[in-house]
Each structure stands twice: as structure tokens, then as C-alpha cells.
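Below is one structure, written out as C-alpha cells; comments come after it.
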Amino acid sequence: MAFPQTRLRRLRATRALRGLVRETSLEPADFVYPLFVAHGSDRREPIPAMPGVDRLSIHHAVAEAAEAADLGVPAVLLFGIPASKDDEGSGAWDDEGVVQLATRAIKEQVPGLIVATDLCLCEYTSHGHCGVVRNGSVDNDATLELLSRAAVSQARAGADLVAPSDMMDGRVGVLRQALDESGQAETPILAYSAKFASAFYGPFREAVDSTPAFGDRRGYQMDPANGREALREARLDVEEGADIVMVKPALPYLDVIRRVKDETGIPVAAYNVSGEYAMVKAAAAAGYLDERAALLEALTCIRRSGADLIVTYHAKDAARWLR
Ligand code: PBG
């Protein structure tokens with residue numbers, strides 16, 4: 001049946017009717033809120049390209065985590081800014097490292113909140129690459145051993161989810177084995193499976209000072225032009241034991257999120273990254289966009305594309321607006 005019998009506007013007539021037939025939900029329960037935890041005490045430093053997001057010492061990070069929890073956000077994702085960096089990124093597996101300390105503090109003071117820990121070496125290496133550098137490039141297999149140490153240390157500190165973001169081949173399987181052998185068989189892995197070499201990470205690298213000292217990350221992160229390869233990455237991570245697969249960034253990659261969702265059938269996360277956050281904030285500050293409307297639309301569309309959960313710096317604002 002076509003027009004005039006069919007009139008799609010009938011179900012758009014009122015707010016209640018639109019609500020009744022809405023296909024996609026957006027709730028605070030879908031959000032993961034990233035936190036930048038810095039060494040030292042009583043620090044709260046703004047990150048210029050990310051208005052509203054600060055580098056926080058542990059005490060402030062706990063308060064921020066509690067605030068997110070009060071707003072109904074179920075999880076935080078921790079990034080560390082260590083006091084010192086070295087060639088290997090040894091701060092990543094220091095049991096008294098900044099992420100480990102913050103994990104213990106948050107688990108103790110906000111017990112119901114899920115603590116996920118980003119697992120990568122780039123915040124801890126002096127050269128800013130995500131692994132061990134040998135002969136000018138990142139050595140995959142040598143890096144796996146260091147990532148395993150970091151994963152075990154994070155899980156021991158109480159992390160509810162470990163989230164490898166390094167893009168080394170084979171890391172999910174190696175991490176699964178390391179966690180199992182260290183008695184952490186119950187700790188799930190949230191794998192950054194399709195992580196693209198993206199210009200949208202710019203503000204993040206400023207925040208944690210992890211811009212590579214030489215070269216770039218294209219030798220390990222994915223080419224933004226590749227969709228089929230993203231499915232291969234996701235499939236391999238599922239075979240290696242990933243519990244959740246992630247696509248990152250989110251908005252320019254909605255097609256990839258959809259394909260990964262259809263292909264894997266396991267929970268899919270999308271990372272609405274720092275550059276995506278910065279764009280909305282900058283346009284809103286200039287008066288070019290209605291921040292609330294634009295943001296809730298963008299997050300809804302990320303969910304519609306197939307994301308079960310969304311990692312977003314907007315989590316607190318969005319949760320407030322969704323109340
Ligand atoms: C670490 C990591 C990065 C991001 C998350 N984990 C940076 C990078 O790969 O350069 C980016 C997050 C963001 O931009 O919000 N490897």
C-alpha cells in the first residue's frame with residue numbers, strides 16, 4: 001500500500017506516539033566515562049582542547065567517579081599520567097602506579113561502579129609509542145610480554161575490565177592466558193579491536209602527552225579506509241577470547257560499528273573520542289550548535305549503528321540531560 005493509504009507522518013504526530021515506536025534507546029546505563037588520573041596530590045588541571053575534562057589526582061578522580069555513579073553512569077575507564085616515563089613504559093605494570101592506586105581507591109569508595117582500565121604503554125613510554133621500539137619500529141611480540149604484566153597488575157588492583165588499546169597482533173589471546181594463569185580468569189577483556197590511526201585523537205595525546213616522538217601509529221593502528229579489515233580484527237579478537245569488542249573513533253565509523261555488530265554477535269562498544277568531543281564543544285561555544293540537541297542526537301545515532309555501550313567524555317552531561 002502506498003500513498004494516500006500509507007502516511008508515515010501518522011506515527012510522528014505526537015511526542016507520545018514517537019516514543020511508542022522509537023527503535024533506539026539512549027540511557028546513562030549505556031555510558032562509560034573516561035578519567036585521566038594524574039600522579040601527585042590535589043591536582044585538577046584543565047585540558048585546553050577538552051573543556052570540562054581535567055587531569056585529576058586520585059582524590060579528585062574518586063570524587064568525579066562518585067559523581068558519575070550518582071548520575072547513573074555505570075562505568076569509568078581509567079587512563080594514567082605517571083610521574084615519569086621510560087623506554088619500556090614500566091609505569092604500566094607498577095603495582096603502585098597511578099592507575100592501580102586509582103582503581104583501588106575507586107573500588108573502595110564507589111564500590112558499585114565498574115572500573116575499566118585502558119591497557120597500553122603509550123602513556124608510560126618516553127617515546128610515546130604503544131610498545132617496545134626496536135630498530136625504529138614497535139616490536140610486536142616483545143610488547144605482548146609487557147602488556148601481560150600490565151594487565152595482571154591492573155586486574156590485581158581490582159579492575160573489573162581490562163581494555164587493551166595498543167593494536168599489537170595476538171594481544172587478546174596472550175592477555176587472556178596471562179590473566180587466567182594469574183588467577184584472574186573472571187576478569188573480562190574489552191578489546192579495542194578496530195582502532196583506526198585517527199586524527200581525532202589529537203586532544204587526548206595533548207592530555208596525556210603521548211604524541212609519538214618520531215613517526216606515527218600507522219604501523220599498528222588501522223587505515224581509516226578499511227572496513228573489511230576491521231571485521232577481520234574483530235573476528236580474531238573474538239576467537240582469542242575478547243568479551244567485548246570496540247570500534248574507535250565512533251562518529252566517522254558508524255558503518256564499521258554496524259558491520260562489527262552484525263558479524264560478531266557479541267557486545268560492541270564505540271569510543272566517542274577526544275576529537276569528537278572537542279568538535280561539539282567548540283561548535284557549541286561558538287554558538288554554532290545547540291550542544292544538548294546535537295550531542296543527544298550523535299549518541300543516539302552511535303547506539304542505532306549497533307553500539308551497546310559508548311565510551312564518551314560527555315557521559316555526565318548526557319546523563320544529566322537524559323534524567
Ligand atoms: C592509547 C589510547 C589513545 C586513545 C585511547 N587509548 C590514543 C592513541 O592511540 O593515540 C584515544 C582516546 C581519545 O582520543 O579520546 N593508545
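Going by the C-alpha cells order, chains are called A, B, ..., each with residues numbered from 1, while ligands are numbered from 1 in the order shown.
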
Exercise. Produce as a PyMOL selection string the set of residues near ligand 1, where near means within 8 Å with only C-alpha atoms and all ligand atoms considered.
Key: chain A and resi 79+118-123+130+165-166+195+197-198+200-205+210-211+217+221+249+271-275+313

What lies within 6 Å of stretch 177-194 of chain A using only C-alpha atoms, ignoring chain neighbours under 4 positions off, as a JSON list (two decimals) with all heavy atoms, in the first residue's frame?
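See out-v8.json below for the written result:
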```
[["chain", "number", "residue", "atom", "x", "y", "z"],
["A", 148, "SER", "N", 51.14, -8.01, 29.12],
["A", 148, "SER", "CA", 50.64, -9.04, 30.04],
["A", 148, "SER", "C", 50.89, -8.65, 31.48],
["A", 148, "SER", "O", 50.02, -8.78, 32.34],
["A", 148, "SER", "CB", 51.33, -10.38, 29.78],
["A", 148, "SER", "OG", 51.03, -10.83, 28.49],
["A", 152, "VAL", "N", 47.88, -8.01, 34.28],
["A", 152, "VAL", "CA", 47.81, -8.74, 35.55],
["A", 152, "VAL", "C", 47.84, -7.76, 36.72],
["A", 152, "VAL", "O", 47.07, -7.88, 37.68],
["A", 152, "VAL", "CB", 48.96, -9.78, 35.64],
["A", 152, "VAL", "CG1", 49.07, -10.36, 37.04],
["A", 152, "VAL", "CG2", 48.74, -10.88, 34.60],
["A", 161, "LEU", "N", 37.39, -4.69, 34.29],
["A", 161, "LEU", "CA", 37.53, -4.93, 32.86],
["A", 161, "LEU", "C", 38.91, -4.41, 32.47],
["A", 161, "LEU", "O", 39.25, -3.29, 32.88],
["A", 161, "LEU", "CB", 36.53, -4.07, 32.08],
["A", 161, "LEU", "CG", 35.09, -4.47, 31.85],
["A", 161, "LEU", "CD1", 34.33, -3.26, 31.34],
["A", 161, "LEU", "CD2", 35.03, -5.59, 30.82],
["A", 162, "VAL", "N", 39.67, -5.17, 31.69],
["A", 162, "VAL", "CA", 40.89, -4.57, 31.16],
["A", 162, "VAL", "C", 40.68, -4.33, 29.66],
["A", 162, "VAL", "O", 40.07, -5.14, 28.96],
["A", 162, "VAL", "CB", 42.17, -5.41, 31.40],
["A", 162, "VAL", "CG1", 42.47, -5.51, 32.90],
["A", 162, "VAL", "CG2", 42.07, -6.78, 30.78],
["A", 163, "ALA", "N", 41.17, -3.18, 29.21],
["A", 163, "ALA", "CA", 40.84, -2.72, 27.86],
["A", 163, "ALA", "C", 42.10, -2.41, 27.05],
["A", 163, "ALA", "O", 42.60, -1.29, 27.06],
["A", 163, "ALA", "CB", 39.96, -1.47, 27.97],
["A", 164, "PRO", "N", 42.64, -3.45, 26.35],
["A", 164, "PRO", "CA", 43.86, -3.23, 25.56],
["A", 164, "PRO", "C", 43.60, -2.33, 24.34],
["A", 164, "PRO", "O", 42.71, -2.58, 23.54],
["A", 164, "PRO", "CB", 44.27, -4.65, 25.12],
["A", 164, "PRO", "CG", 43.03, -5.47, 25.24],
["A", 164, "PRO", "CD", 42.21, -4.85, 26.33],
["A", 165, "SER", "N", 44.40, -1.25, 24.22],
["A", 165, "SER", "CA", 44.21, -0.29, 23.13],
["A", 165, "SER", "C", 45.45, -0.13, 22.27],
["A", 165, "SER", "O", 45.58, 0.82, 21.53],
["A", 165, "SER", "CB", 43.82, 1.08, 23.71],
["A", 165, "SER", "OG", 44.90, 1.63, 24.45],
["A", 230, "ALA", "N", 38.60, -4.33, 9.38],
["A", 230, "ALA", "CA", 38.08, -4.13, 10.73],
["A", 230, "ALA", "C", 37.33, -5.38, 11.19],
["A", 230, "ALA", "O", 37.41, -5.79, 12.35],
["A", 230, "ALA", "CB", 37.17, -2.92, 10.79],
["A", 233, "GLU", "N", 39.85, -7.99, 12.20],
["A", 233, "GLU", "CA", 40.38, -7.68, 13.53],
["A", 233, "GLU", "C", 39.39, -8.13, 14.61],
["A", 233, "GLU", "O", 39.77, -8.74, 15.60],
["A", 233, "GLU", "CB", 40.61, -6.16, 13.67],
["A", 233, "GLU", "CG", 41.86, -5.64, 12.99],
["A", 233, "GLU", "CD", 43.13, -5.95, 13.77],
["A", 233, "GLU", "OE1", 43.08, -6.67, 14.79],
["A", 233, "GLU", "OE2", 44.20, -5.46, 13.36],
["A", 234, "ALA", "N", 38.11, -7.78, 14.40],
["A", 234, "ALA", "CA", 37.11, -8.11, 15.41],
["A", 234, "ALA", "C", 36.94, -9.62, 15.55],
["A", 234, "ALA", "O", 36.87, -10.16, 16.65],
["A", 234, "ALA", "CB", 35.78, -7.45, 15.06],
["A", 242, "ALA", "N", 38.10, -12.20, 23.39],
["A", 242, "ALA", "CA", 37.57, -10.89, 23.81],
["A", 242, "ALA", "C", 36.12, -11.05, 24.27],
["A", 242, "ALA", "O", 35.36, -11.82, 23.69],
["A", 242, "ALA", "CB", 37.63, -9.90, 22.65],
["A", 243, "ASP", "N", 35.76, -10.33, 25.34],
["A", 243, "ASP", "CA", 34.39, -10.38, 25.84],
["A", 243, "ASP", "C", 33.53, -9.27, 25.24],
["A", 243, "ASP", "O", 32.31, -9.41, 25.11],
["A", 243, "ASP", "CB", 34.41, -10.25, 27.37],
["A", 243, "ASP", "CG", 35.16, -11.42, 27.99],
["A", 243, "ASP", "OD1", 34.56, -12.50, 28.13],
["A", 243, "ASP", "OD2", 36.37, -11.28, 28.29],
["A", 244, "ILE", "N", 34.17, -8.15, 24.92],
["A", 244, "ILE", "CA", 33.51, -7.01, 24.27],
["A", 244, "ILE", "C", 34.49, -6.51, 23.21],
["A", 244, "ILE", "O", 35.70, -6.45, 23.47],
["A", 244, "ILE", "CB", 33.24, -5.86, 25.28],
["A", 244, "ILE", "CG1", 32.40, -6.36, 26.47],
["A", 244, "ILE", "CG2", 32.53, -4.68, 24.59],
["A", 244, "ILE", "CD1", 32.20, -5.32, 27.59],
["A", 245, "VAL", "N", 33.98, -6.18, 22.03],
["A", 245, "VAL", "CA", 34.86, -5.60, 21.01],
["A", 245, "VAL", "C", 34.52, -4.12, 20.84],
["A", 245, "VAL", "O", 33.36, -3.73, 20.98],
["A", 245, "VAL", "CB", 34.78, -6.33, 19.65],
["A", 245, "VAL", "CG1", 35.48, -7.67, 19.71],
["A", 245, "VAL", "CG2", 33.34, -6.49, 19.18],
["A", 246, "MET", "N", 35.52, -3.32, 20.55],
["A", 246, "MET", "CA", 35.29, -1.88, 20.44],
["A", 246, "MET", "C", 35.73, -1.36, 19.07],
["A", 246, "MET", "O", 36.70, -1.85, 18.48],
["A", 246, "MET", "CB", 36.04, -1.12, 21.54],
["A", 246, "MET", "CG", 35.78, 0.37, 21.53],
["A", 246, "MET", "SD", 35.67, 1.06, 23.19],
["A", 246, "MET", "CE", 37.38, 1.08, 23.68],
["A", 247, "VAL", "N", 34.98, -0.36, 18.60],
["A", 247, "VAL", "CA", 35.34, 0.37, 17.39],
["A", 247, "VAL", "C", 35.67, 1.80, 17.82],
["A", 247, "VAL", "O", 34.96, 2.39, 18.63],
["A", 247, "VAL", "CB", 34.18, 0.38, 16.37],
["A", 247, "VAL", "CG1", 34.52, 1.25, 15.16],
["A", 247, "VAL", "CG2", 33.83, -1.04, 15.93]]
```

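Remark: for A:Val256, the closest of the candidate residues A:Asp290, A:Glu239, A:Glu229, A:Glu276 is A:Glu229 (distances computed over only C-alpha atoms).
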
List every residue of stretch 108-149 of chain A that has an atom at most 9 Å from any atom of stretch 171-176 of chain A, and for each one report the closest atom pair and its distance in Å to one decimal, counting only C-alpha atoms, with rows sorted by chain and then by increasing residue number, as a Markdown table.
```
| residue | atom | partner | partner_atom | distance |
| --- | --- | --- | --- | --- |
| A:Asn140 | CA | A:Arg171 | CA | 9.0 |
| A:Asp141 | CA | A:Arg171 | CA | 8.8 |
| A:Thr143 | CA | A:Arg171 | CA | 8.9 |
| A:Leu144 | CA | A:Arg171 | CA | 6.0 |
| A:Glu145 | CA | A:Val174 | CA | 8.2 |
| A:Leu147 | CA | A:Leu175 | CA | 7.4 |
| A:Ser148 | CA | A:Leu175 | CA | 5.3 |
| A:Arg149 | CA | A:Leu175 | CA | 8.8 |
```

Contacts between stretch 49-73 of chain A and stretch 250-290 of chain A, please, where a residue of stretch 250-290 of chain A counts if it comes within 8 Å (with only C-alpha atoms); show its shortest atom pair and distance in Å to one decimal, rows by chain and ascending number, as CSV.
```
residue,atom,partner,partner_atom,distance
A:Ser274,CA,A:Met50,CA,7.1
A:Tyr277,CA,A:Met50,CA,7.1
A:Ala278,CA,A:Met50,CA,5.6
A:Lys281,CA,A:Pro51,CA,7.0
```

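With only C-alpha atoms as the basis for measurement, A:Ala315 is the residue among A:Ala315, A:Ala155, A:Ala307, A:Met1 that approaches A:Leu35 most closely.
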
Exercise. Looking only at strand (DSSP E) from DSSP on the backbone, list the matching residues of stretch 88-300 of chain A as a ChimeraX atom specification.
Key: /A:114-119,133-134,137-138,161-164,190-195,244-248,268-272

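Take atom CA of A:Ser41 and atom CA of A:Gln100: the distance between them is 15.3 Å.
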
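In this structure, atom CA of A:Leu77 sits 19.3 Å away from atom CA of A:Gly89.
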
Self-check item: Interatomic distance, atom CA of A:Thr264 to atom CA of A:Leu231 (Å, one decimal)
Solution: 8.4 Å

Practice problem: Excluding A:Leu309 and residues on its chain fewer than 2 positions from it, collect all residues at most 9 Å away from it, counting only C-alpha atoms, and give them as a ChimeraX atom specification. | Solution: /A:29-32,267-271,303,307,311
